[in-house]
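Novice: Got start-v4.cif for you, mmCIF, C-alpha atoms and all ligand atoms:
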data_final
#
loop_
_atom_site.label_atom_id
_atom_site.label_comp_id
_atom_site.auth_asym_id
_atom_site.auth_seq_id
_atom_site.Cartn_x
_atom_site.Cartn_y
_atom_site.Cartn_z
CA MET A 1 126.95 78.77 122.02
CA PHE A 2 126.97 82.47 121.46
CA SER A 3 124.06 84.12 123.21
CA ALA A 4 122.22 87.28 122.27
CA PRO A 5 124.35 90.33 123.00
CA ALA A 6 124.07 92.21 126.26
CA ASN A 7 125.28 95.57 125.20
CA GLN A 8 126.97 97.33 128.10
CA CYS A 9 128.49 100.10 126.04
CA GLN A 10 126.73 103.39 125.74
CA SER A 11 127.22 104.61 122.23
CA GLU A 12 125.05 106.31 119.70
CA VAL A 13 125.10 104.77 116.27
CA PRO A 14 125.12 107.44 113.60
CA THR A 15 122.55 106.71 110.90
CA SER A 16 124.68 108.10 108.10
CA GLY A 17 128.14 108.61 109.52
CA MET A 18 130.03 107.77 106.33
CA LEU A 19 132.64 110.28 105.30
CA HIS A 20 132.40 111.13 101.67
CA TYR A 21 135.33 110.75 99.27
CA SER A 22 133.98 110.96 95.76
CA GLY A 23 134.78 108.17 93.31
CA GLU A 24 136.38 106.02 95.98
CA ASP A 25 135.60 102.37 96.68
CA PRO A 26 133.35 102.41 99.76
CA ALA A 27 135.58 99.78 101.43
CA VAL A 28 138.50 102.21 101.20
CA THR A 29 136.33 104.99 102.58
CA ARG A 30 135.39 102.87 105.57
CA PHE A 31 139.06 101.97 106.12
CA ARG A 32 140.00 105.66 106.05
CA GLU A 33 137.19 106.45 108.43
CA LEU A 34 138.60 103.98 110.99
CA LEU A 35 142.11 105.38 110.44
CA SER A 36 140.92 108.91 111.20
CA ILE A 37 139.92 107.92 114.76
CA GLN A 38 142.77 108.77 117.13
CA THR A 39 143.49 105.73 119.31
CA ILE A 40 147.03 106.20 120.61
CA SER A 41 147.24 103.95 123.66
CA LEU A 42 148.49 105.30 126.98
CA LYS A 43 151.09 103.40 129.00
CA ASN A 44 148.84 103.03 132.06
CA LEU A 45 145.21 103.77 132.88
CA ASP A 46 146.25 106.93 134.77
CA THR A 47 148.87 108.18 132.31
CA PRO A 48 148.14 111.87 131.65
CA GLY A 49 147.37 112.96 128.11
CA PRO A 50 144.47 112.78 125.70
CA GLN A 51 142.58 109.50 126.08
CA PRO A 52 142.45 107.23 123.03
CA ASP A 53 139.07 107.57 121.32
CA TYR A 54 138.12 103.93 121.76
CA TYR A 55 134.45 104.83 121.78
CA GLY A 56 134.84 106.42 118.35
CA VAL A 57 135.94 102.95 117.22
CA VAL A 58 133.06 101.31 119.11
CA ARG A 59 130.54 103.53 117.29
CA PHE A 60 132.17 102.71 113.95
CA LEU A 61 132.05 98.98 114.68
CA GLU A 62 128.48 99.07 115.94
CA ARG A 63 127.38 100.72 112.72
CA GLU A 64 129.32 98.16 110.69
CA ALA A 65 127.73 95.27 112.59
CA LYS A 66 124.26 96.74 112.01
CA GLU A 67 124.85 97.30 108.31
CA ILE A 68 126.23 93.79 107.80
CA GLY A 69 123.54 92.30 110.05
CA LEU A 70 125.74 90.75 112.72
CA LEU A 71 125.59 90.37 116.49
CA PHE A 72 127.42 93.16 118.29
CA LYS A 73 128.71 92.97 121.83
CA CYS A 74 130.80 95.47 123.78
CA PHE A 75 132.09 95.61 127.36
CA GLU A 76 134.97 97.19 129.24
CA VAL A 77 137.84 95.09 130.58
CA ALA A 78 139.19 98.21 132.36
CA PRO A 79 137.95 101.82 132.57
CA ASN A 80 137.66 103.24 129.04
CA ARG A 81 139.12 100.03 127.59
CA PRO A 82 136.24 98.51 125.59
CA VAL A 83 136.41 95.15 123.85
CA VAL A 84 134.07 94.59 120.89
CA ILE A 85 132.93 91.21 119.60
CA ILE A 86 131.06 90.99 116.28
CA SER A 87 129.71 87.52 115.60
CA TRP A 88 128.32 85.51 112.72
CA GLU A 89 126.79 82.32 113.99
CA GLY A 90 127.65 79.12 112.16
CA ALA A 91 125.41 76.19 111.22
CA ASP A 92 126.79 74.29 114.22
CA PRO A 93 127.43 76.84 116.98
CA THR A 94 128.57 74.09 119.35
CA LEU A 95 131.79 73.64 117.35
CA PRO A 96 134.88 75.62 118.37
CA SER A 97 134.74 78.98 116.62
CA VAL A 98 137.08 81.02 114.46
CA MET A 99 138.37 84.21 116.07
CA LEU A 100 139.58 87.07 113.87
CA ASN A 101 141.48 89.41 116.15
CA CYS A 102 142.39 93.07 115.67
CA HIS A 103 143.80 95.54 118.18
CA THR A 104 142.29 98.98 117.82
CA ASP A 105 145.04 101.03 119.48
CA VAL A 106 148.07 102.48 117.72
CA VAL A 107 151.46 103.81 118.81
CA PRO A 108 152.26 107.54 119.17
CA VAL A 109 153.53 109.64 116.27
CA PHE A 110 156.28 112.22 115.94
CA GLN A 111 153.96 114.48 113.98
CA ASP A 112 156.69 116.85 112.72
CA LYS A 113 158.32 113.88 110.93
CA TRP A 114 155.14 113.08 108.98
CA GLU A 115 154.22 114.41 105.56
CA CYS A 116 150.60 114.85 106.72
CA ASP A 117 148.45 114.68 109.83
CA ALA A 118 148.83 111.05 110.96
CA PHE A 119 145.09 110.87 111.68
CA SER A 120 143.73 112.61 108.59
CA ALA A 121 143.73 109.34 106.58
CA TYR A 122 145.34 111.30 103.77
CA LYS A 123 145.38 109.53 100.41
CA LYS A 124 148.08 110.49 97.92
CA GLU A 125 147.51 110.57 94.17
CA ASN A 126 149.23 107.18 93.80
CA GLY A 127 146.75 105.65 96.24
CA ASP A 128 149.04 105.49 99.29
CA ILE A 129 146.95 106.03 102.41
CA VAL A 130 149.34 107.62 104.89
CA ALA A 131 148.05 107.07 108.41
CA ARG A 132 149.05 105.66 111.78
CA GLY A 133 147.48 102.21 111.99
CA SER A 134 147.29 101.67 108.23
CA GLN A 135 149.62 98.63 108.56
CA ASP A 136 149.40 98.01 112.30
CA MET A 137 146.63 96.91 112.27
CA LYS A 138 143.40 98.70 111.42
CA CYS A 139 143.79 97.25 107.91
CA CYS A 140 143.16 93.76 109.30
CA GLY A 141 140.04 94.80 111.21
CA CYS A 142 138.65 96.31 108.00
CA TRP A 143 139.63 93.26 105.95
CA TYR A 144 137.69 90.99 108.30
CA LEU A 145 134.63 93.27 108.12
CA GLU A 146 134.77 93.78 104.35
CA ALA A 147 135.30 90.08 103.68
CA VAL A 148 132.39 89.08 105.93
CA ARG A 149 130.22 91.82 104.39
CA ASN A 150 130.88 90.39 100.91
CA LEU A 151 130.41 86.77 101.98
CA ARG A 152 127.03 87.59 103.52
CA ALA A 153 125.99 89.63 100.51
CA ALA A 154 126.82 86.60 98.36
CA GLY A 155 124.48 84.49 100.51
CA LYS A 156 127.23 82.31 101.98
CA SER A 157 126.93 80.53 105.32
CA PHE A 158 129.42 78.39 107.20
CA LEU A 159 129.71 75.52 109.59
CA ARG A 160 131.54 77.34 112.38
CA THR A 161 130.78 80.60 114.14
CA ILE A 162 133.05 83.51 113.27
CA HIS A 163 133.90 86.08 115.96
CA MET A 164 135.67 89.31 115.05
CA THR A 165 137.30 90.63 118.23
CA PHE A 166 138.60 94.18 118.69
CA MET A 167 141.06 94.75 121.53
CA PRO A 168 142.40 97.84 123.27
CA ASP A 169 145.87 98.27 124.79
CA GLU A 170 147.92 95.86 122.66
CA GLU A 171 150.66 98.39 121.98
CA VAL A 172 151.38 98.82 125.70
CA GLY A 173 151.55 95.15 126.61
CA SER A 174 147.85 94.05 126.45
CA PHE A 175 147.54 94.30 130.26
CA ASN A 176 144.22 96.16 129.90
CA GLY A 177 143.24 94.32 126.74
CA MET A 178 143.75 90.72 125.71
CA ILE A 179 145.27 89.61 129.04
CA LYS A 180 142.12 90.65 130.93
CA PHE A 181 139.77 89.59 128.12
CA VAL A 182 140.87 85.94 128.13
CA GLN A 183 140.09 85.70 131.85
CA ARG A 184 136.47 86.75 131.31
CA GLU A 185 133.40 84.57 130.87
CA GLU A 186 132.69 86.43 127.61
CA PHE A 187 135.88 84.95 126.17
CA LYS A 188 135.22 81.43 127.42
CA GLU A 189 131.74 81.59 125.85
CA LEU A 190 133.34 82.12 122.45
CA ASN A 191 134.82 78.58 122.59
CA VAL A 192 137.62 79.59 120.22
CA GLY A 193 139.22 76.83 118.16
CA PHE A 194 141.51 78.93 116.01
CA CYS A 195 142.65 82.56 115.91
CA LEU A 196 143.87 84.75 113.08
CA ASP A 197 145.82 87.82 114.22
CA GLU A 198 148.18 90.43 112.78
CA GLY A 199 151.33 89.85 110.74
CA LEU A 200 153.76 92.21 109.03
CA ALA A 201 154.11 93.75 105.59
CA ASN A 202 156.43 92.03 103.13
CA PRO A 203 158.48 94.29 100.81
CA THR A 204 158.57 91.61 98.07
CA ASP A 205 155.84 89.86 96.06
CA ALA A 206 155.42 87.34 98.86
CA PHE A 207 153.24 87.44 101.98
CA THR A 208 154.47 86.48 105.43
CA VAL A 209 152.64 84.25 107.89
CA PHE A 210 153.78 83.95 111.50
CA TYR A 211 153.40 80.68 113.41
CA ALA A 212 155.22 81.61 116.65
CA GLU A 213 156.70 84.62 118.42
CA ARG A 214 159.93 85.33 120.17
CA SER A 215 159.57 85.68 123.94
CA PRO A 216 160.11 89.17 125.34
CA TRP A 217 162.46 89.44 128.33
CA TRP A 218 162.72 92.88 129.89
CA LEU A 219 165.16 93.10 132.76
CA THR A 220 167.20 95.43 134.92
CA ILE A 221 170.61 94.57 136.37
CA HIS A 222 171.35 96.56 139.52
CA CYS A 223 175.01 97.27 140.26
CA PRO A 224 175.92 98.68 143.67
CA GLY A 225 179.46 100.04 144.18
CA ASN A 226 181.71 102.10 146.41
CA PRO A 227 180.92 105.83 146.29
CA GLY A 228 183.43 108.62 146.79
CA HIS A 229 185.00 111.79 145.47
CA GLY A 230 185.18 112.15 141.70
CA SER A 231 188.90 113.07 141.91
CA ARG A 232 190.11 109.70 143.27
CA PHE A 233 190.75 106.10 142.14
CA ILE A 234 187.89 104.56 144.09
CA GLU A 235 187.92 100.76 143.98
CA ASN A 236 185.04 98.48 143.08
CA THR A 237 182.76 101.18 141.61
CA ALA A 238 179.29 100.62 140.16
CA VAL A 239 180.40 101.89 136.76
CA GLU A 240 183.15 99.26 136.47
CA LYS A 241 180.52 96.59 137.06
CA VAL A 242 178.26 98.15 134.46
CA ARG A 243 181.15 98.10 132.00
CA LYS A 244 181.75 94.37 132.52
CA ILE A 245 178.08 93.60 131.96
CA LEU A 246 177.88 95.91 128.96
CA ASN A 247 180.84 94.17 127.34
CA ARG A 248 179.28 90.73 127.83
CA ALA A 249 175.87 91.86 126.67
CA LEU A 250 177.13 93.63 123.56
CA ASP A 251 179.42 90.70 122.69
CA TYR A 252 176.37 88.45 122.85
CA ARG A 253 174.42 90.93 120.71
CA ASP A 254 177.24 90.92 118.13
CA SER A 255 177.30 87.12 118.02
CA GLN A 256 173.56 86.94 117.31
CA GLU A 257 173.78 89.65 114.67
CA ALA A 258 176.69 87.84 113.01
CA ARG A 259 174.66 84.62 113.00
CA LEU A 260 171.77 86.37 111.31
CA ASN A 261 174.02 88.00 108.70
CA SER A 262 176.00 84.83 107.93
CA ASP A 263 172.98 82.74 106.94
CA PRO A 264 170.59 84.17 104.32
CA SER A 265 167.91 81.63 105.28
CA LEU A 266 167.60 83.17 108.77
CA ARG A 267 165.13 85.96 109.58
CA LEU A 268 165.14 88.35 112.50
CA GLY A 269 162.75 86.06 114.38
CA ASP A 270 165.26 83.18 114.17
CA VAL A 271 167.90 84.77 116.40
CA THR A 272 167.79 86.35 119.86
CA THR A 273 168.16 90.13 119.92
CA LEU A 274 169.47 92.09 122.87
CA ASN A 275 169.44 95.84 123.30
CA VAL A 276 170.62 97.83 126.29
CA THR A 277 167.76 100.30 126.43
CA MET A 278 168.31 102.10 129.75
CA LEU A 279 171.28 103.20 131.83
CA GLY A 280 170.49 104.59 135.26
CA GLY A 281 172.43 106.22 138.08
CA GLY A 282 174.64 109.08 139.05
CA VAL A 283 174.09 112.18 141.17
CA GLN A 284 176.50 114.86 139.99
CA TRP A 285 179.84 115.20 138.21
CA ASN A 286 182.17 115.01 141.21
CA VAL A 287 180.45 112.14 143.05
CA VAL A 288 181.15 108.49 142.25
CA PRO A 289 177.68 106.93 142.50
CA ASP A 290 176.86 104.14 144.94
CA SER A 291 174.74 102.28 142.37
CA MET A 292 173.97 102.11 138.67
CA SER A 293 171.60 100.01 136.62
CA LEU A 294 171.21 98.65 133.10
CA GLY A 295 167.88 97.96 131.42
CA MET A 296 167.75 95.42 128.60
CA ASP A 297 165.19 94.26 126.04
CA LEU A 298 165.77 90.72 124.82
CA ARG A 299 163.59 88.91 122.30
CA VAL A 300 164.31 85.25 122.76
CA THR A 301 163.92 83.03 119.74
CA ILE A 302 162.03 79.73 119.91
CA THR A 303 165.12 77.51 119.49
CA GLN A 304 166.94 79.12 122.42
CA ASP A 305 167.25 77.17 125.68
CA HIS A 306 165.66 79.58 128.19
CA GLN A 307 167.44 78.13 131.24
CA GLU A 308 170.81 78.43 129.54
CA LEU A 309 170.14 82.05 128.61
CA LEU A 310 168.98 82.89 132.12
CA GLU A 311 172.12 81.35 133.61
CA MET A 312 174.27 83.28 131.14
CA ILE A 313 172.71 86.63 132.16
CA GLN A 314 172.97 85.77 135.86
CA GLY A 315 176.59 84.80 135.18
CA TRP A 316 177.31 88.25 133.70
CA ALA A 317 175.95 89.87 136.85
CA ARG A 318 177.90 87.55 139.16
CA GLU A 319 181.10 88.07 137.24
CA ALA A 320 180.68 91.85 137.52
CA GLY A 321 180.26 91.64 141.29
CA GLU A 322 178.71 89.29 143.86
CA ASP A 323 176.27 92.05 144.91
CA CYS A 324 174.84 92.65 141.41
CA THR A 325 171.24 91.49 141.00
CA VAL A 326 169.00 90.71 138.04
CA GLU A 327 165.36 91.83 138.19
CA PHE A 328 162.81 90.87 135.51
CA ARG A 329 159.94 93.07 134.42
CA ILE A 330 158.79 90.56 131.76
CA ARG A 331 160.08 87.03 131.27
CA ASP A 332 157.71 85.20 128.93
CA SER A 333 158.04 81.48 128.65
CA LYS A 334 158.58 79.80 125.31
CA SER A 335 155.98 80.58 122.64
CA PRO A 336 154.03 77.53 121.52
CA VAL A 337 154.70 76.75 117.85
CA VAL A 338 151.59 76.46 115.68
CA SER A 339 151.62 73.60 113.22
CA THR A 340 152.28 74.51 109.58
CA ASP A 341 152.07 70.92 108.47
CA GLU A 342 149.59 70.08 105.72
CA SER A 343 148.11 67.39 107.98
CA ASP A 344 146.85 70.12 110.34
CA PRO A 345 143.28 71.09 109.37
CA TRP A 346 143.60 74.75 110.41
CA TRP A 347 146.88 75.21 108.59
CA ARG A 348 145.49 73.42 105.54
CA ALA A 349 142.47 75.76 105.55
CA PHE A 350 144.76 78.79 105.63
CA SER A 351 147.36 77.56 103.16
CA SER A 352 144.87 76.23 100.63
CA ALA A 353 143.21 79.66 100.52
CA CYS A 354 146.63 81.13 99.72
CA LYS A 355 147.20 78.47 97.05
CA GLN A 356 143.78 79.17 95.51
CA ARG A 357 144.93 82.75 94.99
CA ASP A 358 148.44 81.76 93.93
CA LEU A 359 150.02 83.67 96.80
CA LYS A 360 153.63 83.09 97.67
CA VAL A 361 153.72 82.61 101.44
CA GLU A 362 156.81 82.75 103.66
CA LYS A 363 156.62 81.23 107.15
CA GLU A 364 158.35 83.12 109.96
CA VAL A 365 158.67 83.59 113.69
CA PHE A 366 157.21 86.99 114.65
CA PRO A 367 160.16 89.13 115.79
CA ALA A 368 158.17 91.28 118.26
CA GLY A 369 155.00 90.75 120.31
CA THR A 370 151.29 90.56 119.44
CA ASP A 371 148.10 89.50 121.24
CA SER A 372 148.81 85.98 119.96
CA ARG A 373 151.34 85.62 122.77
CA VAL A 374 148.33 85.55 125.11
CA ILE A 375 146.24 83.24 122.89
CA ARG A 376 148.74 80.51 122.00
CA PRO A 377 149.61 79.46 125.58
CA LEU A 378 145.87 78.74 126.09
CA GLY A 379 146.27 75.90 123.61
CA ILE A 380 144.55 77.84 120.82
CA PRO A 381 146.49 77.86 117.54
CA ALA A 382 147.00 81.40 116.24
CA LEU A 383 148.52 82.53 112.95
CA GLY A 384 149.71 86.09 112.33
CA PHE A 385 148.88 87.36 108.87
CA SER A 386 148.43 90.76 107.22
CA ALA A 387 147.73 90.64 103.47
CA ILE A 388 150.38 93.26 102.70
CA ASN A 389 153.01 92.60 100.03
CA ASN A 390 155.13 94.92 97.89
CA THR A 391 155.12 97.39 100.78
CA PRO A 392 157.94 98.47 103.10
CA ILE A 393 157.55 97.45 106.77
CA LEU A 394 156.52 100.73 108.37
CA LEU A 395 154.70 99.73 111.52
CA HIS A 396 155.52 102.21 114.32
CA ASP A 397 157.49 104.29 111.78
CA HIS A 398 156.96 107.78 110.37
CA ASN A 399 154.62 107.98 107.38
CA GLU A 400 153.20 104.49 107.84
CA PHE A 401 151.12 103.77 104.75
CA LEU A 402 149.16 101.18 102.82
CA ASN A 403 148.27 101.60 99.19
CA GLU A 404 144.55 101.37 98.47
CA ARG A 405 145.15 98.80 95.71
CA VAL A 406 146.96 96.52 98.18
CA PHE A 407 144.08 97.05 100.59
CA LEU A 408 141.45 96.21 97.96
CA LYS A 409 143.38 93.12 96.78
CA GLY A 410 143.39 91.90 100.37
CA ILE A 411 139.62 91.66 100.68
CA PRO A 412 139.09 88.57 98.45
CA ILE A 413 142.14 86.95 100.08
CA TYR A 414 140.42 87.24 103.45
CA GLU A 415 137.13 86.03 101.95
CA ASP A 416 138.87 82.79 100.96
CA ILE A 417 140.79 82.39 104.22
CA ILE A 418 137.72 83.03 106.38
CA SER A 419 135.53 80.74 104.23
CA ASN A 420 138.04 77.90 104.58
CA LEU A 421 138.61 78.37 108.31
CA ALA A 422 134.88 78.52 109.10
CA SER A 423 134.37 75.34 107.07
CA VAL A 424 136.97 73.19 108.84
CA LYS A 425 135.29 69.88 109.61
CA PRO A 426 135.32 68.69 113.21
ZN ZN A 501 150.01 95.50 116.01
#
Would you mind writing the structure in this file as structure tokens?
Specialist:
Amino acid sequence: MFSAPANQCQSEVPTSGMLHYSGEDPAVTRFRELLSIQTISLKNLDTPGPQPDYYGVVRFLEREAKEIGLLFKCFEVAPNRPVVIISWEGADPTLPSVMLNCHTDVVPVFQDKWECDAFSAYKKENGDIVARGSQDMKCCGCWYLEAVRNLRAAGKSFLRTIHMTFMPDEEVGSFNGMIKFVQREEFKELNVGFCLDEGLANPTDAFTVFYAERSPWWLTIHCPGNPGHGSRFIENTAVEKVRKILNRALDYRDSQEARLNSDPSLRLGDVTTLNVTMLGGGVQWNVVPDSMSLGMDLRVTITQDHQELLEMIQGWAREAGEDCTVEFRIRDSKSPVVSTDESDPWWRAFSSACKQRDLKVEKEVFPAGTDSRVIRPLGIPALGFSAINNTPILLHDHNEFLNERVFLKGIPIYEDIISNLASVKP
């Protein structure tokens, strides 16, 4: 059962902190207010640079919780990495709860490529709100809050407890966010039965829901070789080994790309991608180096045999030279697949809300990574969904935007989804 909040975070709640945009729906104003808080995550806790303003977000959320009349809880999982939980207790708080998750950090911007300040929450005449985080994923955090605000105002109450969770650090691997959060007592106390997390925009009329993720594999292959003078035919050099591995890796990449392009029913999440993202080595022009390395980013799809893939990569290294070694930075195991069968009560709750609203829903494997990759292996089903259609996929891109009409249409969608999820019978 959720206990009364012990508020560890020191923040002052502004009494009237609302920015004023005349004639605008207040929900849009609140969304723009959250977007205007700069929360670019830093790679590590000690990375130099301006700190993300997580406490600006905490103050915003604390005010929201107060206005809506919900329990607010905040604590740090690492220095300056606060997690916020906003809770609405259900009629039976002993039942597993519904978790609505949102990460509060965003990725950096190349400001000179933007048409406006990425943190000014600029709204164009056509209603496009151009801001970092507008799609990924401050929109979702606001949808949860706006939907719950409306449901409470309408006097609704539900069987299960609803927890809105706000995480730092997702964009840099969740090491000082979700990964630490799920190890804490505060998480166990939530007794989560189901989690809703972020999805992606869909450029068509349809909406996309994600029921699994590809597994990230980040690795380095080290290639030692004979050094020598740059004027000679040295044998068995590091670069020759790199070339052999590059050829194998890029051939594999081509084969997966061809598979994707040859079958229109396949999406990016249905194949394995490979990119050589780093090449290291070399001293100066006239010295043949004694070692070189290749860094790769693979996203392994759920139908891929992990052991087979591992042996293939190790085989590339062996073929290039007996002394070549493979070192993993990340090698996630297979993502659990969440049921999208109508017999599953959580899926039925989600899909019937979409049917109620006549939404066309496409099921996909998430091509990149989200906090759900931490949640699903705990045995908790998690679906990735962002109520964004008719919008280009611009997460992490220049001029990321969400139109205010799409944002406003999303609120009743979330009202229905949340109502159904919190009413799932035991
Ligand atoms: Zn995201």
Novice: Go through chain A residue by residue and, counting all atoms listed in the file, keep those with an atom at most 9 Å from ligand ZN 501 (chain A); for each kept residue give the shortest atom pair and its distance in Å to one decimal, ordered by chain and increasing number, as a tab-separated table.
Specialist:
residue	atom	partner	partner_atom	distance
A:Cys102	CA	A:ZN501	ZN	8.0
A:His103	CA	A:ZN501	ZN	6.6
A:Thr104	CA	A:ZN501	ZN	8.7
A:Asp105	CA	A:ZN501	ZN	8.2
A:Val106	CA	A:ZN501	ZN	7.4
A:Val107	CA	A:ZN501	ZN	8.9
A:Gly133	CA	A:ZN501	ZN	8.2
A:Gln135	CA	A:ZN501	ZN	8.1
A:Asp136	CA	A:ZN501	ZN	4.5
A:Met137	CA	A:ZN501	ZN	5.2
A:Lys138	CA	A:ZN501	ZN	8.7
A:Glu170	CA	A:ZN501	ZN	7.0
A:Glu171	CA	A:ZN501	ZN	6.7
A:Asp197	CA	A:ZN501	ZN	8.9
A:Glu198	CA	A:ZN501	ZN	6.3
A:Gly199	CA	A:ZN501	ZN	7.8
A:Leu200	CA	A:ZN501	ZN	8.6
A:Gly369	CA	A:ZN501	ZN	8.1
A:Thr370	CA	A:ZN501	ZN	6.1
A:Asp371	CA	A:ZN501	ZN	8.2
A:Leu395	CA	A:ZN501	ZN	7.7
A:His396	CA	A:ZN501	ZN	8.8
Novice: Atom CA of Ser333 of chain A and atom CA of Ile313 of chain A are how many Å apart?
Specialist: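 Between atom CA of Ser333 of chain A and atom CA of Ile313 of chain A the gap works out to 15.9 Å.
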Novice: I'd like the neighbourhood of Glu67 of chain A as JSON, numbers by chain, where a residue qualifies if any of its atoms comes within 9 Å (using only C-alpha atoms), though same-chain residues fewer than 4 positions away should be ignored.
Specialist: {"A": [62, 63, 149]}
Novice: Hey, what's within 6 Å of Ile129 of chain A if we count all atoms listed in the file and toss same-chain stuff fewer than 2 positions away? As a list in words, please?
Specialist: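 Those residues are Tyr122, Lys123, Phe401, Leu402 and Asn403 of chain A.
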Novice: Tell me, as a list in words, which residues lie within 10 Å of Val374 of chain A, counting only C-alpha atoms; anything in the same chain fewer than 6 positions away does not count.
Specialist: Ser174, Met178, Ile179, Lys180, Phe181, Val182, Ser335, Ile380 and Ala382 of chain A
Novice: In Å, how far is it from atom CA of Pro26 of chain A to atom CA of Phe407 of chain A?
Specialist: 12.0 Å
Novice: Between A:Val239, A:Val130, A:Val271, A:Ile221, single out the one closest to Asp254 of chain A, counting all atoms listed in the file.
Specialist: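 Of the candidates, the smallest distance to Asp254 of chain A is held by A:Val271.
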Novice: Nearest to Val98 of chain A among A:Leu196, A:Ala78, A:Ile411, A:Val283, with distances taken over all atoms listed in the file: which residue is it?
Specialist: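 Selected residue with least distance to Val98 of chain A: A:Leu196.
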Novice: If I take atom CA of Val276 of chain A and atom CA of Gly295 of chain A, how far is one from the other in Å, to one decimal?
Specialist: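 Interatomic distance, atom CA of Val276 of chain A to atom CA of Gly295 of chain A: 5.8 Å.
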Novice: Please output segment 353-364 of chain A, rebuilt to include N, CA, C and O atoms, as an mmCIF file, in the coordinates of the input.
Specialist:
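Dumped everything to part_27.cif:
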data_model
loop_
_atom_site.group_PDB
_atom_site.id
_atom_site.type_symbol
_atom_site.label_atom_id
_atom_site.label_comp_id
_atom_site.auth_asym_id
_atom_site.auth_seq_id
_atom_site.Cartn_x
_atom_site.Cartn_y
_atom_site.Cartn_z
ATOM 1 N N ALA A 353 143.758 78.372 100.984
ATOM 2 C CA ALA A 353 143.210 79.660 100.520
ATOM 3 C C ALA A 353 144.301 80.461 99.809
ATOM 4 O O ALA A 353 144.057 81.098 98.781
ATOM 5 N N CYS A 354 145.515 80.414 100.357
ATOM 6 C CA CYS A 354 146.630 81.130 99.720
ATOM 7 C C CYS A 354 146.959 80.507 98.373
ATOM 8 O O CYS A 354 147.266 81.220 97.411
ATOM 9 N N LYS A 355 146.904 79.151 98.314
ATOM 10 C CA LYS A 355 147.200 78.470 97.050
ATOM 11 C C LYS A 355 146.146 78.805 96.000
ATOM 12 O O LYS A 355 146.477 79.034 94.833
ATOM 13 N N GLN A 356 144.869 78.825 96.440
ATOM 14 C CA GLN A 356 143.780 79.170 95.510
ATOM 15 C C GLN A 356 144.083 80.485 94.802
ATOM 16 O O GLN A 356 143.740 80.684 93.653
ATOM 17 N N ARG A 357 144.671 81.412 95.533
ATOM 18 C CA ARG A 357 144.930 82.750 94.990
ATOM 19 C C ARG A 357 146.345 82.885 94.453
ATOM 20 O O ARG A 357 146.768 83.990 94.114
ATOM 21 N N ASP A 358 147.096 81.742 94.475
ATOM 22 C CA ASP A 358 148.440 81.760 93.930
ATOM 23 C C ASP A 358 149.370 82.708 94.704
ATOM 24 O O ASP A 358 150.220 83.379 94.107
ATOM 25 N N LEU A 359 149.187 82.787 95.998
ATOM 26 C CA LEU A 359 150.020 83.670 96.800
ATOM 27 C C LEU A 359 151.288 82.939 97.222
ATOM 28 O O LEU A 359 151.241 81.773 97.602
ATOM 29 N N LYS A 360 152.392 83.644 97.161
ATOM 30 C CA LYS A 360 153.630 83.090 97.670
ATOM 31 C C LYS A 360 153.680 83.426 99.162
ATOM 32 O O LYS A 360 153.595 84.603 99.542
ATOM 33 N N VAL A 361 153.780 82.397 99.997
ATOM 34 C CA VAL A 361 153.720 82.610 101.440
ATOM 35 C C VAL A 361 155.028 82.189 102.094
ATOM 36 O O VAL A 361 155.544 81.105 101.832
ATOM 37 N N GLU A 362 155.588 83.058 102.920
ATOM 38 C CA GLU A 362 156.810 82.750 103.660
ATOM 39 C C GLU A 362 156.469 82.597 105.141
ATOM 40 O O GLU A 362 155.806 83.461 105.705
ATOM 41 N N LYS A 363 156.934 81.491 105.746
ATOM 42 C CA LYS A 363 156.620 81.230 107.150
ATOM 43 C C LYS A 363 157.731 81.798 108.041
ATOM 44 O O LYS A 363 158.911 81.554 107.783
ATOM 45 N N GLU A 364 157.342 82.516 109.074
ATOM 46 C CA GLU A 364 158.350 83.120 109.960
ATOM 47 C C GLU A 364 157.917 83.129 111.414
ATOM 48 O O GLU A 364 156.736 83.003 111.732
#
